[in-house]
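Chemist: Dropping a structure here in structure tokens format, bear with me for questions.
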Amino acid sequence: MTCTVAQLLPDVRKVLDVTEDGYTDNDIANNVVEAIREMWRERAASRYVDGKIVSDNFPTNEQELLLFGVSFDERWRLGIVYFAAARCYEQGITDSVNLQLAQTLKQQAAAVFRS
């Protein structure tokens with residue numbers, strides 16, 4: 001499947017259980033990129049879609065990043081969402097509950113990537 005980074009943001013926000021408050025689109029988009037790179041580390045085969053290696057040249061401009069198309073197998077979408085949400089919880093950790101949530105979400109993401 002191919003989607004834009006922006007199309008993954010609502011799914012991450014659902015896991016975070018927040019709307020616009022707390023995390024900017026740019027923060028979440030950068031965490032989606034980290035999640036995709038983590039997926040590639042966990043499962044090298046995820047770099048290939050339809051037999052071709054996918055681009056790892058993510059734009060640095062916020063608007064370009066949101067519109068950037070990423071390709072991956074649909075079965076790993078939830079792992080990307082979990083990992084991106086975990087990174088949001090890690091940024092500006094205010095309590096041990098968020099730290100625990102981040103660790104749990106990273107474990108769930110790893111399990112999805114390994115499946």
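So you can find residues: chains in the structure tokens are A, B, ... in the order shown, residues in each start at 1, and ligands are numbered from 1 in order.
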Quick one: residues within 12 Å of A:Ile53, only C-alpha atoms, excluding same-chain residues fewer than 3 positions away - as a PyMOL selection string?

Modeler: chain A and resi 40+44-50+56-57+70-72

Chemist: Kindly export the residues of the current selection with N, CA and C atoms, as a PDB file, in the first residue's frame.

Modeler:
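Written out: out26.pdb:
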```pdb
ATOM      1  N   TRP A  40      12.037  -0.836   9.187  1.00  0.00           N
ATOM      2  CA  TRP A  40      13.100  -1.315   8.299  1.00  0.00           C
ATOM      3  C   TRP A  40      14.204  -2.013   9.087  1.00  0.00           C
ATOM      4  N   ALA A  44      14.046  -6.167   7.638  1.00  0.00           N
ATOM      5  CA  ALA A  44      14.708  -5.626   6.443  1.00  0.00           C
ATOM      6  C   ALA A  44      13.872  -5.825   5.178  1.00  0.00           C
ATOM      7  N   ALA A  45      13.116  -6.890   5.107  1.00  0.00           N
ATOM      8  CA  ALA A  45      12.298  -7.157   3.922  1.00  0.00           C
ATOM      9  C   ALA A  45      11.217  -6.094   3.722  1.00  0.00           C
ATOM     10  N   SER A  46      10.902  -5.341   4.772  1.00  0.00           N
ATOM     11  CA  SER A  46       9.873  -4.303   4.647  1.00  0.00           C
ATOM     12  C   SER A  46      10.339  -3.141   3.768  1.00  0.00           C
ATOM     13  N   ARG A  47      11.629  -3.069   3.487  1.00  0.00           N
ATOM     14  CA  ARG A  47      12.159  -2.033   2.586  1.00  0.00           C
ATOM     15  C   ARG A  47      11.741  -2.269   1.152  1.00  0.00           C
ATOM     16  N   TYR A  48      11.270  -3.496   0.852  1.00  0.00           N
ATOM     17  CA  TYR A  48      10.903  -3.856  -0.517  1.00  0.00           C
ATOM     18  C   TYR A  48       9.390  -3.928  -0.659  1.00  0.00           C
ATOM     19  N   VAL A  49       8.876  -3.216  -1.664  1.00  0.00           N
ATOM     20  CA  VAL A  49       7.459  -3.264  -1.988  1.00  0.00           C
ATOM     21  C   VAL A  49       7.366  -3.582  -3.476  1.00  0.00           C
ATOM     22  N   ASP A  50       6.649  -4.644  -3.786  1.00  0.00           N
ATOM     23  CA  ASP A  50       6.539  -5.121  -5.168  1.00  0.00           C
ATOM     24  C   ASP A  50       7.907  -5.371  -5.792  1.00  0.00           C
ATOM     25  N   ASP A  56      14.246   6.109   0.959  1.00  0.00           N
ATOM     26  CA  ASP A  56      14.473   6.517   2.347  1.00  0.00           C
ATOM     27  C   ASP A  56      14.854   7.992   2.413  1.00  0.00           C
ATOM     28  N   ASN A  57      14.592   8.709   1.340  1.00  0.00           N
ATOM     29  CA  ASN A  57      14.899  10.142   1.275  1.00  0.00           C
ATOM     30  C   ASN A  57      13.670  10.941   1.677  1.00  0.00           C
ATOM     31  N   VAL A  70       4.561   7.124   1.238  1.00  0.00           N
ATOM     32  CA  VAL A  70       5.341   6.011   1.765  1.00  0.00           C
ATOM     33  C   VAL A  70       4.660   4.707   1.361  1.00  0.00           C
ATOM     34  N   SER A  71       5.466   3.718   1.034  1.00  0.00           N
ATOM     35  CA  SER A  71       4.942   2.422   0.614  1.00  0.00           C
ATOM     36  C   SER A  71       5.383   1.352   1.602  1.00  0.00           C
ATOM     37  N   PHE A  72       4.444   0.507   1.985  1.00  0.00           N
ATOM     38  CA  PHE A  72       4.734  -0.594   2.901  1.00  0.00           C
ATOM     39  C   PHE A  72       3.594  -1.591   2.816  1.00  0.00           C
TER      40      PHE A  72
END
```

Chemist: Quick one: residues within 10 Å of A:Asp11, only C-alpha atoms, excluding same-chain residues fewer than 5 positions away - as a list in words?

Modeler: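 Residues near the query, excluding close chain neighbours: Ala6, Leu16, Asp17, Arg77, Leu78, Ile80, Val81, Tyr82, Ala84 and Ala85 of chain A.
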
Chemist: List every residue of stretch 40-110 of chain A that DSSP, applied to the backbone of this structure, assigns to alpha helix (DSSP H), and report them as a PyMOL selection string.

Modeler: chain A and resi 40-42+62-67+77-90+96-110

Chemist: Env of stretch 110-115 of chain A: 8 Å cut, atoms = only C-alpha atoms, seq-sep filter 6 positions within chain, self excluded. Answer as an MDAnalysis selection string.

Modeler: chainID A and resid 39 42:43 75:76 78:79

Chemist: Out of A:Glu90, A:Glu62, A:Asp73, A:Glu38, which residue has the shortest atom-to-atom distance to A:Cys3 when counting only C-alpha atoms?

Modeler: A:Asp73

Chemist: Residues at most 9 Å from stretch 24-30 of chain A, counting only C-alpha atoms, excluding those fewer than 2 positions away in the same chain, as a list in words?

Modeler: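 Residues meeting the cut-off are Val5, Ala6, Leu8, Leu9, Val12, Arg13, Glu20, Asp21, Gly22, Val32, Val33, Glu34, Ala35, Glu62, Gln63, Leu65, Leu66, Ala84, Ala85, Arg87 and Cys88 of chain A.
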
Chemist: Report, in Å to a single decimal, how far apart atom CA of A:Gly51 and atom CA of A:Phe83 are.

Modeler: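 Taking atom CA of A:Phe83 and atom CA of A:Gly51, their separation equals 25.0 Å.
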
Chemist: Between A:Asn61, A:Thr2, A:Gln91, A:Gln108, single out the one closest to A:Asn31, counting only C-alpha atoms.

Modeler: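 Of A:Asn61, A:Thr2, A:Gln91, A:Gln108, the one nearest A:Asn31 is A:Gln91, counting only C-alpha atoms.
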
Chemist: From the DSSP assignment of the backbone, select every residue of chain A that is strand (DSSP E or B), and format the answer as a list in words.

Modeler: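 DSSP on the backbone gives strand (DSSP E or B) at Thr2, Cys3, Thr4, Tyr48, Val49, Lys52, Ile53, Gly69, Val70 and Ser71 of chain A.
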